[in-house]
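As provided, model04.txt (compact mmCIF, C-alpha atoms and all ligand atoms) reads as follows.
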# COMPACT_ATOMS: atom_id res chain seq x y z
CA MET E 602 140.25 67.42 -10.48
CA THR E 603 136.54 66.62 -10.82
CA LEU E 604 135.18 64.69 -7.85
CA LEU E 605 131.54 64.51 -8.90
CA GLU E 606 129.91 65.08 -12.24
CA GLY E 607 126.17 65.09 -12.91
CA LYS E 608 125.09 65.37 -16.52
CA ASN E 609 121.71 66.25 -17.97
CA LEU E 610 120.00 65.52 -14.65
CA THR E 611 116.24 65.49 -14.95
CA MET E 612 113.73 64.48 -12.30
CA VAL E 613 110.05 64.39 -13.15
CA PHE E 614 107.37 64.07 -10.45
CA GLY E 615 103.88 63.44 -11.83
CA GLY E 616 104.53 65.34 -15.04
CA LEU E 617 106.39 68.24 -13.37
CA ALA E 618 110.13 68.53 -13.97
CA ALA E 619 111.57 69.43 -10.55
CA LEU E 620 114.96 69.36 -12.29
CA ASP E 621 115.39 69.85 -16.00
CA SER E 622 118.63 68.87 -17.79
CA VAL E 623 120.95 70.17 -15.07
CA ASP E 624 124.72 69.69 -15.28
CA ILE E 625 126.74 69.91 -12.07
CA SER E 626 130.43 69.45 -11.62
CA ILE E 627 132.19 69.57 -8.25
CA ASN E 628 135.96 69.88 -8.01
CA LYS E 629 137.90 68.13 -5.32
CA GLY E 630 138.52 70.46 -2.37
CA GLU E 631 136.09 73.23 -3.26
CA VAL E 632 133.15 74.80 -1.42
CA LEU E 633 130.25 75.03 -3.85
CA SER E 634 126.93 76.60 -2.89
CA LEU E 635 123.63 75.77 -4.50
CA ILE E 636 121.13 78.59 -4.30
CA GLY E 637 117.78 79.50 -5.81
CA PRO E 638 114.25 80.50 -4.80
CA ASN E 639 111.92 78.08 -3.02
CA GLY E 640 110.95 75.12 -5.19
CA ALA E 641 113.89 75.66 -7.57
CA GLY E 642 114.98 72.00 -7.29
CA LYS E 643 117.90 72.24 -4.84
CA THR E 644 116.79 69.48 -2.46
CA THR E 645 115.79 67.31 -5.41
CA LEU E 646 119.35 67.62 -6.71
CA PHE E 647 120.70 66.61 -3.27
CA ASN E 648 118.31 63.64 -3.30
CA LEU E 649 119.65 62.51 -6.68
CA LEU E 650 123.29 62.84 -5.62
CA THR E 651 122.67 60.80 -2.46
CA GLY E 652 120.58 58.02 -4.03
CA VAL E 653 117.22 58.94 -2.47
CA TYR E 654 115.87 59.13 -6.03
CA SER E 655 117.20 57.75 -9.25
CA PRO E 656 117.06 60.46 -11.94
CA THR E 657 114.44 60.22 -14.68
CA ARG E 658 117.28 61.04 -17.09
CA GLY E 659 120.97 61.77 -16.81
CA SER E 660 124.06 60.34 -15.17
CA ILE E 661 126.08 60.94 -12.00
CA SER E 662 129.67 59.89 -11.61
CA PHE E 663 131.57 60.11 -8.34
CA LYS E 664 135.29 59.36 -8.33
CA GLN E 665 134.82 58.27 -11.94
CA LYS E 666 132.18 55.66 -11.07
CA GLU E 667 128.52 55.78 -12.10
CA ILE E 668 126.36 56.04 -8.97
CA LYS E 669 122.91 56.95 -10.26
CA ASN E 670 121.38 53.57 -9.47
CA LEU E 671 123.10 52.98 -6.14
CA LYS E 672 121.24 53.00 -2.83
CA PRO E 673 121.92 55.78 -0.27
CA TYR E 674 123.89 53.42 2.01
CA ASP E 675 126.26 52.42 -0.81
CA ILE E 676 126.71 56.03 -1.85
CA THR E 677 127.59 56.92 1.75
CA LYS E 678 130.15 54.12 1.73
CA MET E 679 131.68 55.54 -1.44
CA GLY E 680 132.25 58.84 0.34
CA ILE E 681 129.23 61.15 0.11
CA ALA E 682 127.56 62.25 3.37
CA ARG E 683 124.74 64.69 3.94
CA THR E 684 122.78 66.60 6.53
CA PHE E 685 119.08 67.37 6.21
CA GLN E 686 117.00 70.54 6.07
CA ASN E 687 114.91 69.18 8.95
CA ILE E 688 117.28 67.87 11.56
CA ARG E 689 117.19 64.06 11.75
CA LEU E 690 118.88 62.98 14.95
CA PHE E 691 118.06 60.16 17.33
CA GLY E 692 116.74 62.50 20.01
CA GLU E 693 116.55 59.98 22.84
CA MET E 694 120.12 58.79 22.26
CA SER E 695 123.24 60.48 23.56
CA VAL E 696 125.24 62.91 21.46
CA LEU E 697 128.10 60.38 21.42
CA ASP E 698 125.86 57.50 20.26
CA ASN E 699 124.50 59.61 17.42
CA VAL E 700 128.06 59.97 16.11
CA ILE E 701 128.89 56.30 16.75
CA ILE E 702 125.89 55.32 14.59
CA GLY E 703 127.29 57.53 11.83
CA GLN E 704 130.42 55.40 11.76
CA HIS E 705 128.43 52.22 11.20
CA CYS E 706 129.19 52.06 7.47
CA ARG E 707 132.95 52.05 8.20
CA THR E 708 133.11 49.49 11.01
CA GLY E 709 133.83 45.83 10.45
CA THR E 710 131.98 44.12 13.28
CA GLY E 711 128.62 42.62 12.35
CA VAL E 712 125.51 42.06 14.46
CA PHE E 713 126.80 38.66 15.65
CA GLY E 714 129.99 40.24 16.96
CA ALA E 715 128.05 43.02 18.66
CA ILE E 716 125.93 40.48 20.58
CA PHE E 717 128.74 38.17 21.69
CA ARG E 718 131.33 40.93 22.18
CA GLY E 719 134.59 39.04 21.87
CA PRO E 720 137.96 40.81 22.33
CA ALA E 721 138.03 41.90 18.68
CA THR E 722 134.62 43.50 19.07
CA ARG E 723 135.61 45.28 22.29
CA LYS E 724 138.74 46.64 20.63
CA GLU E 725 136.71 47.83 17.67
CA GLU E 726 134.17 49.46 20.02
CA ARG E 727 136.93 51.38 21.79
CA LYS E 728 138.30 52.58 18.47
CA VAL E 729 134.86 53.68 17.30
CA ARG E 730 134.23 55.51 20.58
CA ASP E 731 137.59 57.29 20.49
CA ARG E 732 137.03 58.35 16.90
CA ALA E 733 133.50 59.62 17.76
CA MET E 734 134.99 61.69 20.63
CA GLU E 735 137.60 63.12 18.26
CA ILE E 736 134.85 64.21 15.86
CA LEU E 737 132.81 65.73 18.71
CA ASN E 738 135.90 67.60 19.78
CA PHE E 739 136.38 68.83 16.22
CA VAL E 740 132.84 70.29 16.04
CA GLY E 741 133.05 71.62 19.62
CA LEU E 742 130.56 69.25 21.24
CA ASP E 743 132.87 66.99 23.28
CA SER E 744 131.65 68.37 26.60
CA GLU E 745 128.05 67.46 25.63
CA ALA E 746 128.87 63.85 24.65
CA GLY E 747 126.64 62.33 27.35
CA GLU E 748 123.63 64.61 26.82
CA LYS E 749 120.51 63.42 25.05
CA ALA E 750 120.58 64.81 21.50
CA LYS E 751 117.09 66.30 21.87
CA ASN E 752 118.25 68.44 24.81
CA LEU E 753 120.87 70.33 22.80
CA PRO E 754 120.00 73.84 21.65
CA TYR E 755 119.14 74.11 17.97
CA GLY E 756 122.52 75.37 16.72
CA LYS E 757 124.29 72.51 18.48
CA GLN E 758 121.89 69.95 17.02
CA ARG E 759 122.91 71.18 13.59
CA ARG E 760 126.57 70.74 14.57
CA LEU E 761 125.79 67.23 15.75
CA GLU E 762 124.23 66.44 12.38
CA MET E 763 127.47 67.59 10.78
CA ALA E 764 129.47 65.45 13.23
CA ARG E 765 127.38 62.43 12.31
CA ALA E 766 127.95 63.09 8.61
CA LEU E 767 131.71 63.46 9.24
CA ALA E 768 131.69 60.14 11.08
CA THR E 769 131.09 58.37 7.77
CA ASP E 770 134.49 59.75 6.69
CA PRO E 771 133.22 61.39 3.51
CA ASP E 772 135.19 62.98 0.68
CA LEU E 773 132.15 65.08 -0.18
CA ILE E 774 129.77 66.49 2.41
CA LEU E 775 126.37 67.90 1.43
CA LEU E 776 124.84 70.38 3.86
CA ASP E 777 121.15 71.22 3.38
CA GLU E 778 120.51 74.70 4.82
CA PRO E 779 122.99 74.37 7.70
CA ALA E 780 122.32 77.91 8.96
CA ALA E 781 118.52 77.62 9.00
CA GLY E 782 117.15 78.85 12.33
CA MET E 783 120.55 79.94 13.64
CA ASN E 784 121.21 83.27 15.30
CA PRO E 785 124.03 85.49 13.92
CA GLN E 786 126.57 84.20 16.44
CA GLU E 787 125.75 80.57 15.66
CA THR E 788 125.99 81.37 11.94
CA ASN E 789 129.46 82.87 12.41
CA GLU E 790 130.56 79.77 14.31
CA LEU E 791 129.12 77.64 11.53
CA ILE E 792 131.17 79.54 8.92
CA GLY E 793 134.28 78.74 10.98
CA LEU E 794 133.31 75.07 11.17
CA ILE E 795 132.66 74.74 7.42
CA ASP E 796 136.05 76.39 6.77
CA LYS E 797 137.68 73.87 9.12
CA ILE E 798 135.96 70.95 7.40
CA ASN E 799 137.16 72.25 4.04
CA ASP E 800 140.69 72.80 5.39
CA MET E 801 140.89 69.14 6.38
CA GLY E 802 140.45 68.28 2.70
CA LYS E 803 136.72 67.67 2.49
CA THR E 804 134.79 68.95 -0.49
CA VAL E 805 131.61 70.80 0.51
CA LEU E 806 128.34 71.31 -1.37
CA LEU E 807 125.75 73.34 0.46
CA ILE E 808 122.24 74.61 -0.03
CA GLU E 809 121.80 77.87 1.81
CA HIS E 810 119.50 80.87 1.84
CA ASP E 811 121.75 83.01 4.07
CA MET E 812 123.53 85.11 1.43
CA LYS E 813 126.11 86.46 3.86
CA LEU E 814 127.23 82.91 4.57
CA VAL E 815 127.08 81.91 0.91
CA MET E 816 129.08 84.90 -0.32
CA GLY E 817 131.55 84.50 2.53
CA ILE E 818 132.54 80.87 2.13
CA SER E 819 131.82 79.75 -1.43
CA GLN E 820 134.50 79.41 -4.05
CA ARG E 821 131.72 78.93 -6.58
CA ILE E 822 127.95 79.34 -6.64
CA MET E 823 125.45 77.51 -8.79
CA VAL E 824 121.94 78.92 -9.17
CA LEU E 825 118.78 76.98 -9.95
CA ASP E 826 115.42 78.48 -10.89
CA TYR E 827 112.33 76.45 -11.82
CA GLY E 828 114.46 73.31 -12.14
CA LYS E 829 117.01 74.83 -14.52
CA LYS E 830 120.54 76.01 -13.95
CA ILE E 831 120.64 79.76 -14.62
CA ALA E 832 124.17 80.59 -13.39
CA ASP E 833 127.38 78.93 -12.24
CA GLY E 834 130.54 80.82 -11.32
CA PRO E 835 132.50 82.74 -8.68
CA PRO E 836 130.45 84.71 -6.10
CA GLU E 837 131.16 88.15 -7.61
CA LYS E 838 130.05 87.07 -11.06
CA VAL E 839 126.90 85.32 -9.83
CA ARG E 840 125.95 88.23 -7.58
CA ASN E 841 125.87 90.54 -10.63
CA ASP E 842 124.29 88.10 -13.05
CA GLU E 843 121.12 89.55 -14.57
CA LYS E 844 119.20 86.27 -14.64
CA VAL E 845 120.01 85.69 -10.96
CA ILE E 846 118.95 89.19 -9.96
CA LYS E 847 115.73 88.74 -11.90
CA ALA E 848 114.97 85.36 -10.26
CA TYR E 849 115.39 86.92 -6.82
CA LEU E 850 113.77 90.27 -7.62
CA GLY E 851 110.75 88.28 -8.81
CA ASP E 852 110.30 87.29 -5.18
CA ARG E 853 110.20 90.85 -3.99
CA ALA E 854 107.64 91.66 -6.66
CA GLY E 855 105.18 89.69 -4.55
CA LYS E 856 105.69 85.98 -5.24
CA GLU E 857 105.96 85.14 -1.59
CA ASP E 858 106.04 81.40 -2.19
CA ARG E 859 109.37 81.84 -3.97
CA ALA E 860 111.14 83.76 -1.23
CA CYS E 861 114.88 83.16 -0.98
N1 LIG E 901 108.65 63.74 -3.91
C1 LIG E 901 108.10 64.71 -4.63
N2 LIG E 901 106.92 64.53 -5.26
C2 LIG E 901 106.35 65.51 -5.99
N3 LIG E 901 106.89 66.73 -6.18
C3 LIG E 901 108.07 66.97 -5.58
C4 LIG E 901 108.75 65.99 -4.77
N4 LIG E 901 109.90 66.53 -4.30
C5 LIG E 901 109.95 67.78 -4.79
N5 LIG E 901 108.87 68.05 -5.55
C6 LIG E 901 108.57 69.30 -6.27
O1 LIG E 901 109.73 69.62 -7.01
C7 LIG E 901 109.97 71.03 -7.01
C8 LIG E 901 111.36 71.30 -6.45
O2 LIG E 901 111.37 71.02 -5.05
P1 LIG E 901 112.68 71.07 -4.15
O3 LIG E 901 112.29 70.66 -2.78
O4 LIG E 901 113.76 70.32 -4.82
O5 LIG E 901 113.02 72.62 -4.21
P2 LIG E 901 114.05 73.46 -3.30
O6 LIG E 901 114.79 74.34 -4.24
O7 LIG E 901 114.83 72.54 -2.46
O8 LIG E 901 113.05 74.33 -2.42
P3 LIG E 901 113.21 74.89 -0.91
O9 LIG E 901 114.21 76.00 -0.97
O10 LIG E 901 111.85 75.37 -0.59
O11 LIG E 901 113.64 73.73 -0.05
C9 LIG E 901 108.86 71.66 -6.19
O12 LIG E 901 107.86 72.09 -7.08
C10 LIG E 901 108.37 70.49 -5.33
O13 LIG E 901 107.01 70.65 -5.00
Represent the structure from my file as structure tokens, please.
Ligand SMILES: Nc1ncnc2c1ncn2[C@@H]1O[C@H](COP(=O)(O)OP(=O)(O)OP(=O)(O)O)[C@@H](O)[C@H]1O
Amino acid sequence: MTLLEGKNLTMVFGGLAALDSVDISINKGEVLSLIGPNGAGKTTLFNLLTGVYSPTRGSISFKQKEIKNLKPYDITKMGIARTFQNIRLFGEMSVLDNVIIGQHCRTGTGVFGAIFRGPATRKEERKVRDRAMEILNFVGLDSEAGEKAKNLPYGKQRRLEMARALATDPDLILLDEPAAGMNPQETNELIGLIDKINDMGKTVLLIEHDMKLVMGISQRIMVLDYGKKIADGPPEKVRNDEKVIKAYLGDRAGKEDRAC
């Protein structure tokens, strides 16, 4: 079953098409990786799917509803969560509070209730806190719940970003370079975590440059180059695709700005 479908997606910035007529379809329950050299349009595609930009042309449907003109908050509420290439945590806040904030779009109590804290609010707060602890436990950060987010080592900060995304209770989770800056052990742990997230029924779309990770966990890989889709299929097929090899070999021929 198709969970998300983007058709003819085009995004033009000042005359340059960062994305050019790209179709993307994501099936419920799959792990799909989006790869391509630097500047290929991967993050732009994430930004379209999460409402950061509205596409210049094209349409995006999620659970059969058009979402291309919705704001990021409303898209999150519909069930799409994301993490960022550059970690965006509230560094001065505790690990637990970072996850609690992630649940904001699912909680019923408004600002008024939060100030006057009646019994209903207190009950809701307990529920939110318990749920946040469950999520921290799931990603393996429960023992760090009271730490300031900025004091966590890098790999754990990335896990916390994933915990915060999970706190919005998404059907689809978008991970932007989750293994960036991780050592091999952290990357292996990350592979285990993404598998676990997928096993609990979440659909995963990730941008990643670490080919070992991509080949190891993806059911399907989509490749962008200069804003166009050049391949889409199972890992074995994509790995041997001539256009893909050429796009990546081009890097080794000296185009350092397009490293993968
Ligand atoms: N807000 C913007 N304004 C102008 N140009 C932009 C903007 N965002 C992206 N671009 C341009 O669009 C193209 C695609 O960028 P994008 O960040 O989507 O690529 P990417 O595949 O995610 O690259 P990387 O792997 O380096 O993150 C690039 O040429 C980039 O300079």
Residues within 7 Å of ligand LIG 901 (chain E), counting only C-alpha atoms and all ligand atoms, as a PyMOL selection string: chain E and resi 614-615+619+637-646+828
Residue with smallest distance to E:Ile625 - pool E:Val839, E:Leu806, E:Leu753, E:Ile676, counting only C-alpha atoms: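 Once distances to E:Ile625 are computed over only C-alpha atoms, the minimum belongs to E:Leu806.
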Shell of 9 Å around E:Val740, only C-alpha atoms, local chain residues under 6 positions omitted, as a PyMOL selection string: chain E and resi 760-761+763-764+794
Cut-off 10 Å around (120.9, 79.2, -9.9) with all atoms listed in the file: residues as a list in words: Ser634, Leu635, Ile636, Gly637, Pro638, Ala641, Gly642, Lys643, Ile822, Met823, Val824, Leu825, Asp826, Tyr827, Gly828, Lys829, Lys830, Ile831, Ala832, Asp833, Gly834, Val839, Lys844, Val845, Ala848 and Tyr849 of chain E
Please determine an axis-aligned box that encloses all atoms of stretch 735-747 of chain E listed in the file, with 8 Å added on each side, and express its centre and edge lengths in Å to one decimal as JSON.
{"center_x": 132.1, "center_y": 67.0, "center_z": 21.6, "size_x": 27.0, "size_y": 25.3, "size_z": 27.5}
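Distances here use only C-alpha atoms; by that measure, the residue among E:Ile627, E:Ile846, E:Ala721, E:Ile702 closest to E:Leu775 is E:Ile627.
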Selection as a ChimeraX atom specification: residues within 12 Å of (128.9, 61.0, 13.6), counting only C-alpha atoms: /E:682-684,690-691,695-707,729-740,742,746,758-771
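Among the candidates E:Ile774, E:Leu671, E:Val815, E:Ala618, the residue lying nearest to E:Ile798 is E:Ile774 (atoms considered: all atoms listed in the file).
Distance-wise, atom CA of E:Pro779 and atom CA of E:Tyr755 end up 11.0 Å apart.
Picture a line from atom CA of E:Glu693 to atom CA of E:Lys757; it runs 15.4 Å.
Counting only C-alpha atoms, the residue from E:Met694, E:Leu633, E:Leu604, E:Leu814 that sits nearest to E:Ala780 is E:Leu814.
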